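Structure data follow from coords09.cif (mmCIF, C-alpha atoms and all ligand atoms):
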data_run
loop_
_atom_site.group_PDB
_atom_site.id
_atom_site.type_symbol
_atom_site.label_atom_id
_atom_site.label_comp_id
_atom_site.auth_asym_id
_atom_site.auth_seq_id
_atom_site.Cartn_x
_atom_site.Cartn_y
_atom_site.Cartn_z
ATOM 1 C CA MET A 1 77.031 -126.214 13.863
ATOM 2 C CA ARG A 2 77.811 -122.576 13.100
ATOM 3 C CA THR A 3 79.830 -121.748 10.012
ATOM 4 C CA VAL A 4 81.933 -118.578 10.076
ATOM 5 C CA PRO A 5 83.799 -116.880 7.236
ATOM 6 C CA PRO A 6 87.519 -117.635 7.316
ATOM 7 C CA GLN A 7 89.710 -114.867 8.707
ATOM 8 C CA GLY A 8 92.574 -113.060 7.013
ATOM 9 C CA LEU A 9 90.624 -111.833 3.995
ATOM 10 C CA SER A 10 90.028 -108.351 2.644
ATOM 11 C CA GLN A 11 86.859 -106.638 3.790
ATOM 12 C CA PHE A 12 85.218 -107.158 0.422
ATOM 13 C CA GLU A 13 86.188 -110.811 0.394
ATOM 14 C CA GLN A 14 84.883 -111.225 3.915
ATOM 15 C CA LYS A 15 81.607 -109.643 2.891
ATOM 16 C CA THR A 16 81.110 -111.897 -0.115
ATOM 17 C CA GLN A 17 82.142 -114.888 1.962
ATOM 18 C CA LYS A 18 79.608 -113.916 4.610
ATOM 19 C CA VAL A 19 76.830 -113.615 2.037
ATOM 20 C CA TYR A 20 77.823 -116.990 0.685
ATOM 21 C CA TYR A 21 77.978 -118.558 4.120
ATOM 22 C CA ASP A 22 74.666 -117.078 5.221
ATOM 23 C CA LYS A 23 73.036 -118.251 2.055
ATOM 24 C CA HIS A 24 74.332 -121.763 2.492
ATOM 25 C CA ARG A 25 74.243 -121.961 6.260
ATOM 26 C CA HIS A 26 70.709 -123.275 6.201
ATOM 27 C CA SER A 27 71.413 -126.073 3.747
ATOM 28 C CA ALA A 28 74.653 -126.886 5.562
ATOM 29 C CA GLU A 29 72.765 -127.136 8.835
ATOM 30 C CA SER A 30 70.021 -129.288 7.429
ATOM 31 C CA HIS A 31 72.662 -131.412 5.767
ATOM 32 C CA ASN A 32 74.370 -131.967 9.104
ATOM 33 C CA LYS A 33 71.017 -132.706 10.680
ATOM 34 C CA LEU A 34 70.313 -135.228 7.963
ATOM 35 C CA LYS A 35 73.577 -136.946 8.664
ATOM 36 C CA ALA A 36 72.890 -136.953 12.387
ATOM 37 C CA THR A 37 69.430 -138.494 12.261
ATOM 38 C CA PRO A 38 69.124 -142.247 11.953
ATOM 39 C CA PRO A 39 68.753 -143.518 8.408
ATOM 40 C CA THR A 40 65.483 -142.290 6.968
ATOM 41 C CA SER A 41 65.930 -144.926 4.337
ATOM 42 C CA PRO A 42 63.167 -145.384 1.816
ATOM 43 C CA ASN A 43 61.634 -148.240 3.705
ATOM 44 C CA THR A 44 58.952 -148.612 1.124
ATOM 45 C CA ASN A 45 56.935 -151.571 0.113
ATOM 46 C CA MET A 46 55.385 -152.985 -2.936
ATOM 47 C CA LEU A 47 51.773 -151.819 -2.975
ATOM 48 C CA LEU A 48 49.343 -153.941 -0.981
ATOM 49 C CA THR A 49 47.116 -154.698 -3.958
ATOM 50 C CA PRO A 50 49.672 -156.783 -5.914
ATOM 51 C CA HIS A 51 50.643 -158.493 -2.642
ATOM 52 C CA VAL A 52 47.033 -159.566 -2.082
ATOM 53 C CA PHE A 53 46.713 -160.727 -5.693
ATOM 54 C CA THR A 54 49.710 -162.986 -5.114
ATOM 55 C CA GLY A 55 48.201 -164.278 -1.879
ATOM 56 C CA VAL A 56 44.863 -165.013 -3.533
ATOM 57 C CA ALA A 57 46.679 -166.808 -6.376
ATOM 58 C CA ILE A 58 48.409 -169.047 -3.843
ATOM 59 C CA GLY A 59 45.179 -169.609 -1.897
ATOM 60 C CA ALA A 60 43.411 -170.573 -5.107
ATOM 61 C CA SER A 61 46.081 -172.925 -6.397
ATOM 62 C CA VAL A 62 47.589 -174.491 -3.246
ATOM 63 C CA GLN A 63 44.691 -176.200 -1.514
ATOM 64 C CA ASN A 64 46.347 -177.056 1.798
ATOM 65 C CA PRO A 65 46.356 -174.021 4.120
ATOM 66 C CA ILE A 66 49.297 -175.411 6.118
ATOM 67 C CA ALA A 67 51.398 -175.074 2.992
ATOM 68 C CA ALA A 68 49.574 -172.166 1.392
ATOM 69 C CA VAL A 69 49.571 -169.654 4.243
ATOM 70 C CA PRO A 70 53.334 -169.786 4.998
ATOM 71 C CA LEU A 71 53.943 -169.718 1.251
ATOM 72 C CA SER A 72 51.882 -166.549 0.896
ATOM 73 C CA ILE A 73 53.877 -164.907 3.705
ATOM 74 C CA GLY A 74 57.112 -165.953 1.985
ATOM 75 C CA MET A 75 55.868 -164.623 -1.333
ATOM 76 C CA HIS A 76 55.431 -161.247 0.303
ATOM 77 C CA PHE A 77 59.176 -160.946 0.721
ATOM 78 C CA LEU A 78 59.737 -162.146 -2.815
ATOM 79 C CA GLY A 79 57.246 -159.520 -4.014
ATOM 80 C CA ASP A 80 59.137 -156.814 -2.168
ATOM 81 C CA ALA A 81 62.275 -157.930 -3.970
ATOM 82 C CA VAL A 82 60.635 -157.166 -7.321
ATOM 83 C CA PRO A 83 61.737 -153.671 -8.395
ATOM 84 C CA HIS A 84 58.838 -151.409 -7.567
ATOM 85 C CA TRP A 85 57.662 -147.916 -6.802
ATOM 86 C CA ASP A 86 55.306 -146.941 -4.034
ATOM 87 C CA PHE A 87 53.907 -143.864 -2.337
ATOM 88 C CA TYR A 88 56.869 -143.731 0.007
ATOM 89 C CA SER A 89 59.557 -143.861 -2.640
ATOM 90 C CA ASN A 90 62.245 -141.255 -1.922
ATOM 91 C CA THR A 91 60.511 -139.702 1.062
ATOM 92 C CA GLN A 92 61.561 -138.775 4.557
ATOM 93 C CA LYS A 93 59.788 -140.237 7.520
ATOM 94 C CA GLU A 94 57.830 -137.037 8.284
ATOM 95 C CA GLU A 95 56.546 -136.827 4.712
ATOM 96 C CA ARG A 96 54.979 -140.232 5.098
ATOM 97 C CA ARG A 97 52.532 -139.201 7.746
ATOM 98 C CA LYS A 98 50.843 -136.183 6.189
ATOM 99 C CA GLY A 99 49.497 -134.912 2.881
ATOM 100 C CA TRP A 100 48.232 -137.201 0.162
ATOM 101 C CA ARG A 101 50.468 -140.163 0.955
ATOM 102 C CA PRO A 102 48.531 -141.643 3.876
ATOM 103 C CA ILE A 103 45.334 -141.216 1.837
ATOM 104 C CA ALA A 104 46.887 -143.064 -1.100
ATOM 105 C CA VAL A 105 48.000 -145.820 1.266
ATOM 106 C CA MET A 106 44.447 -146.098 2.584
ATOM 107 C CA ALA A 107 43.096 -146.271 -0.983
ATOM 108 C CA ASP A 108 45.577 -149.044 -1.804
ATOM 109 C CA LEU A 109 44.542 -150.820 1.396
ATOM 110 C CA ALA A 110 40.857 -150.482 0.461
ATOM 111 C CA VAL A 111 41.461 -151.946 -3.014
ATOM 112 C CA ALA A 112 43.557 -154.743 -1.489
ATOM 113 C CA ILE A 113 40.794 -155.634 0.993
ATOM 114 C CA GLY A 114 38.276 -155.457 -1.869
ATOM 115 C CA VAL A 115 40.315 -157.912 -3.950
ATOM 116 C CA GLY A 116 40.735 -160.334 -1.047
ATOM 117 C CA LEU A 117 37.066 -160.231 -0.084
ATOM 118 C CA THR A 118 35.837 -160.527 -3.681
ATOM 119 C CA ALA A 119 37.958 -163.642 -4.204
ATOM 120 C CA THR A 120 36.839 -165.108 -0.876
ATOM 121 C CA LEU A 121 33.147 -164.511 -1.615
ATOM 122 C CA TYR A 122 33.574 -165.806 -5.173
ATOM 123 C CA ALA A 123 34.966 -169.071 -3.768
ATOM 124 C CA LEU A 124 32.127 -169.233 -1.265
ATOM 125 C CA TRP A 125 29.158 -168.284 -3.431
ATOM 126 C CA VAL A 126 30.145 -169.104 -6.997
ATOM 127 C CA VAL A 127 32.570 -172.024 -6.595
ATOM 128 C CA LYS A 128 30.628 -173.044 -3.441
ATOM 129 C CA ASP A 129 33.753 -174.286 -1.705
ATOM 130 C CA PRO A 130 33.970 -172.986 1.900
ATOM 131 C CA ALA A 131 37.401 -174.586 2.473
ATOM 132 C CA LEU A 132 38.745 -172.817 -0.603
ATOM 133 C CA ALA A 133 37.199 -169.555 0.579
ATOM 134 C CA ILE A 134 38.906 -169.848 3.987
ATOM 135 C CA ASN A 135 42.195 -170.740 2.314
ATOM 136 C CA ILE A 136 42.037 -167.712 0.020
ATOM 137 C CA PHE A 137 41.055 -165.457 2.932
ATOM 138 C CA LEU A 138 43.956 -166.646 5.113
ATOM 139 C CA CYS A 139 46.457 -166.390 2.261
ATOM 140 C CA GLY A 140 45.217 -162.881 1.520
ATOM 141 C CA ILE A 141 45.966 -161.902 5.117
ATOM 142 C CA GLY A 142 49.303 -163.734 5.077
ATOM 143 C CA SER A 143 50.350 -161.899 1.928
ATOM 144 C CA VAL A 144 50.203 -158.497 3.656
ATOM 145 C CA LEU A 145 51.088 -159.590 7.191
ATOM 146 C CA PRO A 146 54.744 -158.439 7.048
ATOM 147 C CA ASP A 147 53.606 -154.948 6.021
ATOM 148 C CA ALA A 148 50.902 -154.835 8.691
ATOM 149 C CA LEU A 149 53.577 -155.616 11.267
ATOM 150 C CA GLU A 150 55.649 -152.776 9.867
ATOM 151 C CA GLY A 151 52.873 -150.221 10.393
ATOM 152 C CA PRO A 152 54.176 -149.121 13.805
ATOM 153 C CA TYR A 153 57.544 -148.293 12.221
ATOM 154 C CA ILE A 154 56.000 -146.031 9.611
ATOM 155 C CA PHE A 155 53.429 -144.270 11.750
ATOM 156 C CA THR A 156 54.995 -144.055 15.178
ATOM 157 C CA ASP A 157 58.388 -143.281 16.651
ATOM 158 C CA ASN A 158 58.321 -146.110 19.128
ATOM 159 C CA GLU A 159 58.536 -149.272 17.175
ATOM 160 C CA PRO A 160 57.930 -152.339 19.319
ATOM 161 C CA LYS A 161 61.291 -154.121 19.605
ATOM 162 C CA ILE A 162 59.778 -157.451 18.701
ATOM 163 C CA LEU A 163 58.868 -156.112 15.242
ATOM 164 C CA LYS A 164 62.307 -154.693 14.494
ATOM 165 C CA PRO A 165 63.684 -157.757 12.676
ATOM 166 C CA ILE A 166 60.775 -157.652 10.230
ATOM 167 C CA THR A 167 61.365 -153.975 9.521
ATOM 168 C CA ILE A 168 65.032 -154.604 8.907
ATOM 169 C CA ILE A 169 64.452 -157.601 6.648
ATOM 170 C CA GLN A 170 61.916 -155.625 4.661
ATOM 171 C CA ARG A 171 64.200 -152.615 4.360
ATOM 172 C CA ASN A 172 67.008 -154.705 2.978
ATOM 173 C CA LEU A 173 64.773 -156.564 0.570
ATOM 174 C CA GLN A 174 63.141 -153.511 -0.917
ATOM 175 C CA PHE A 175 64.090 -152.922 -4.462
ATOM 176 C CA GLN A 176 63.195 -149.468 -5.714
ATOM 177 C CA ALA A 177 62.428 -148.695 -9.329
ATOM 178 C CA PRO A 178 61.510 -145.307 -10.782
ATOM 179 C CA LEU A 179 58.216 -144.554 -12.489
ATOM 180 C CA PRO A 180 56.829 -145.879 -14.765
ATOM 181 C CA TRP A 181 58.785 -149.132 -14.409
ATOM 182 C CA GLY A 182 58.110 -149.382 -10.705
ATOM 183 C CA ILE A 183 54.372 -149.507 -11.434
ATOM 184 C CA LEU A 184 54.649 -151.714 -14.534
ATOM 185 C CA THR A 185 56.361 -154.475 -12.572
ATOM 186 C CA GLN A 186 53.455 -154.477 -10.149
ATOM 187 C CA ILE A 187 50.904 -154.617 -12.951
ATOM 188 C CA VAL A 188 52.767 -157.665 -14.286
ATOM 189 C CA VAL A 189 52.564 -159.273 -10.817
ATOM 190 C CA ILE A 190 48.804 -158.591 -10.744
ATOM 191 C CA LEU A 191 48.244 -159.983 -14.254
ATOM 192 C CA ALA A 192 50.308 -163.112 -13.573
ATOM 193 C CA SER A 193 48.404 -163.682 -10.333
ATOM 194 C CA TYR A 194 45.098 -163.125 -12.112
ATOM 195 C CA LEU A 195 46.030 -165.782 -14.683
ATOM 196 C CA VAL A 196 46.810 -168.274 -11.903
ATOM 197 C CA ILE A 197 43.547 -167.423 -10.134
ATOM 198 C CA SER A 198 41.373 -167.777 -13.222
ATOM 199 C CA ASN A 199 43.084 -171.029 -14.171
ATOM 200 C CA SER A 200 42.534 -172.429 -10.675
ATOM 201 C CA ILE A 201 39.029 -171.331 -9.797
ATOM 202 C CA GLY A 202 37.797 -169.201 -12.712
HETATM 203 ZN ZN ZN A 301 56.669 -155.611 2.487
#
If you took the structure in this file and wrote it as C-alpha cells, what would it be?
Amino acid sequence: MRTVPPQGLSQFEQKTQKVYYDKHRHSAESHNKLKATPPTSPNTNMLLTPHVFTGVAIGASVQNPIAAVPLSIGMHFLGDAVPHWDFYSNTQKEERRKGWRPIAVMADLAVAIGVGLTATLYALWVVKDPALAINIFLCGIGSVLPDALEGPYIFTDNEPKILKPITIIQRNLQFQAPLPWGILTQIVVILASYLVISNSIG
C-alpha cells in the first residue's frame, strides 16, 4: 500500500508531511505485511530437557508401559502449560530457522537425548532391570513426541495436514513467561522430576 501526503496543504506543510510519510512508509508497509501474513504466533515450547526429565520420572515410577507411555505424552501438554521461556519466545518464523536459535535447539535436543539415554542405561546396568530400562526409554520418547511432530511446522512451510491439530493444540497450550521466570519454572520441573527419579530408582 502506498501512502501519499494529504492534499490541500501549504508547500512547507506538504514537504514536512512528505518527509514524515517517507520516513514512516517503510514501517507502515511492514506493519501491513505483518497484518497480512498468517499469525506468526510464538508457537514455542518448553525446552526438551525438562520434558524428558518428566518422561523419565514417569518411566521410573509407573512400571506399566501401557499406562506410563500415554501418561508421558499427556504430561508433555501439561508441561507446555507451565509458564516458560524458550529459544523461540517472541520470534518470527524466519528468525527461527537461522542464527543461533537452531543451534541452541540442537544443544537442548542433545542434552535431552543424553538425559534419556543416561537414565535408560542406568536402569539397565546399575538397577539391572531391562523392563524398567525399556519403560524409561519409551516414556522419554513419548515425552517429546508432540514436539517432534511439530518439527515440520517450525522448519518447513508445508506442514503435513495430519499434524495440524497437534500444532494448534500446542500453540493454544503454550504459556509464555519472560526471563528469568520462564527458565526458573523449567528448573523446578527438572528438580521435581529428579526427586521422583531418585526416589524410584536411585
Ligand atoms: Zn510441546
Explicit residue set for the PyMOL selection byres (((not hetatm)) within 6 of (chain A and resi 301)), as a JSON list (two decimals) with C-alpha atoms, in the coordinates of the input:
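As written to disk, result_21.json reads:
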[["chain", "number", "residue", "atom", "x", "y", "z"],
["A", 45, "ASN", "CA", 56.94, -151.57, 0.11],
["A", 80, "ASP", "CA", 59.14, -156.81, -2.17],
["A", 146, "PRO", "CA", 54.74, -158.44, 7.05],
["A", 147, "ASP", "CA", 53.61, -154.95, 6.02],
["A", 170, "GLN", "CA", 61.92, -155.62, 4.66]]
- [ ] Identify which of the residues A:Cys139, A:Ile190, A:Val127, A:Leu145 lies closest to Leu71 in chain A, counting only C-alpha atoms when measuring atom-to-atom distances.
- [x] A:Cys139
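The two atoms in question, CA of Ala192 in chain A and CA of Leu179 in chain A, are spaced 20.2 Å apart.
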Open item on the list: Since I can't run it myself right now, could you work out what the PyMOL selection byres (((chain A and resi 177) around 7) and not hetatm) selects here and report it as a list in words?
Closed with: Pro83, His84, Trp85, Phe175, Gln176, Pro178, Leu179, Trp181 and Gly182 of chain A
List, as a CSV table (one decimal) with C-alpha atoms, keeping the file's coordinate frame, every residue that the PyMOL selection byres (((chain A and resi 56-67) around 6) and not hetatm) selects in the file provided.
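Generated output (out.csv):
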chain,number,residue,atom,x,y,z
A,53,PHE,CA,46.7,-160.7,-5.7
A,54,THR,CA,49.7,-163.0,-5.1
A,55,GLY,CA,48.2,-164.3,-1.9
A,68,ALA,CA,49.6,-172.2,1.4
A,69,VAL,CA,49.6,-169.7,4.2
A,70,PRO,CA,53.3,-169.8,5.0
A,135,ASN,CA,42.2,-170.7,2.3
A,136,ILE,CA,42.0,-167.7,0.0
A,139,CYS,CA,46.5,-166.4,2.3
A,140,GLY,CA,45.2,-162.9,1.5
A,193,SER,CA,48.4,-163.7,-10.3
A,196,VAL,CA,46.8,-168.3,-11.9
A,197,ILE,CA,43.5,-167.4,-10.1
A,200,SER,CA,42.5,-172.4,-10.7
- [ ] Rank A:Ile134, A:Ala119, A:Val188, A:Ile141 by their smallest atom-to-atom distance to Ile201 in chain A, using all atoms listed in the file, and report the top residue only.
- [x] A:Ala119
- [ ] Tell me, as a list in words, which residues lie within 12 Å of Arg97 in chain A, counting all atoms listed in the file; anything in the same chain fewer than 2 positions away does not count.
- [x] Phe87, Tyr88, Thr91, Gln92, Lys93, Glu94, Glu95, Gly99, Trp100, Arg101, Pro102, Ile103, Ala104, Val105, Met106, Gly151, Pro152, Tyr153, Ile154, Phe155, Thr156 and Asp157 of chain A
For range 136-149 of chain A, I'd like the enclosing box, axis-aligned and padded by 3 Å on every side, reported as AutoDock Vina command-line options with centre and edge lengths in Å to one decimal.
--center_x 47.9 --center_y -161.3 --center_z 5.6 --size_x 19.7 --size_y 18.9 --size_z 17.2
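Among the candidates A:Lys128, A:Arg96, A:His76, A:Lys161, the residue lying nearest to Leu48 in chain A is A:His76 (atoms considered: only C-alpha atoms).
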TODO: Can you work out the spacing between CA of Leu78 in chain A and CA of Pro50 in chain A in Å, to one decimal?
DONE: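 Computing the Euclidean distance for CA of Leu78 in chain A and CA of Pro50 in chain A yields 11.8 Å.
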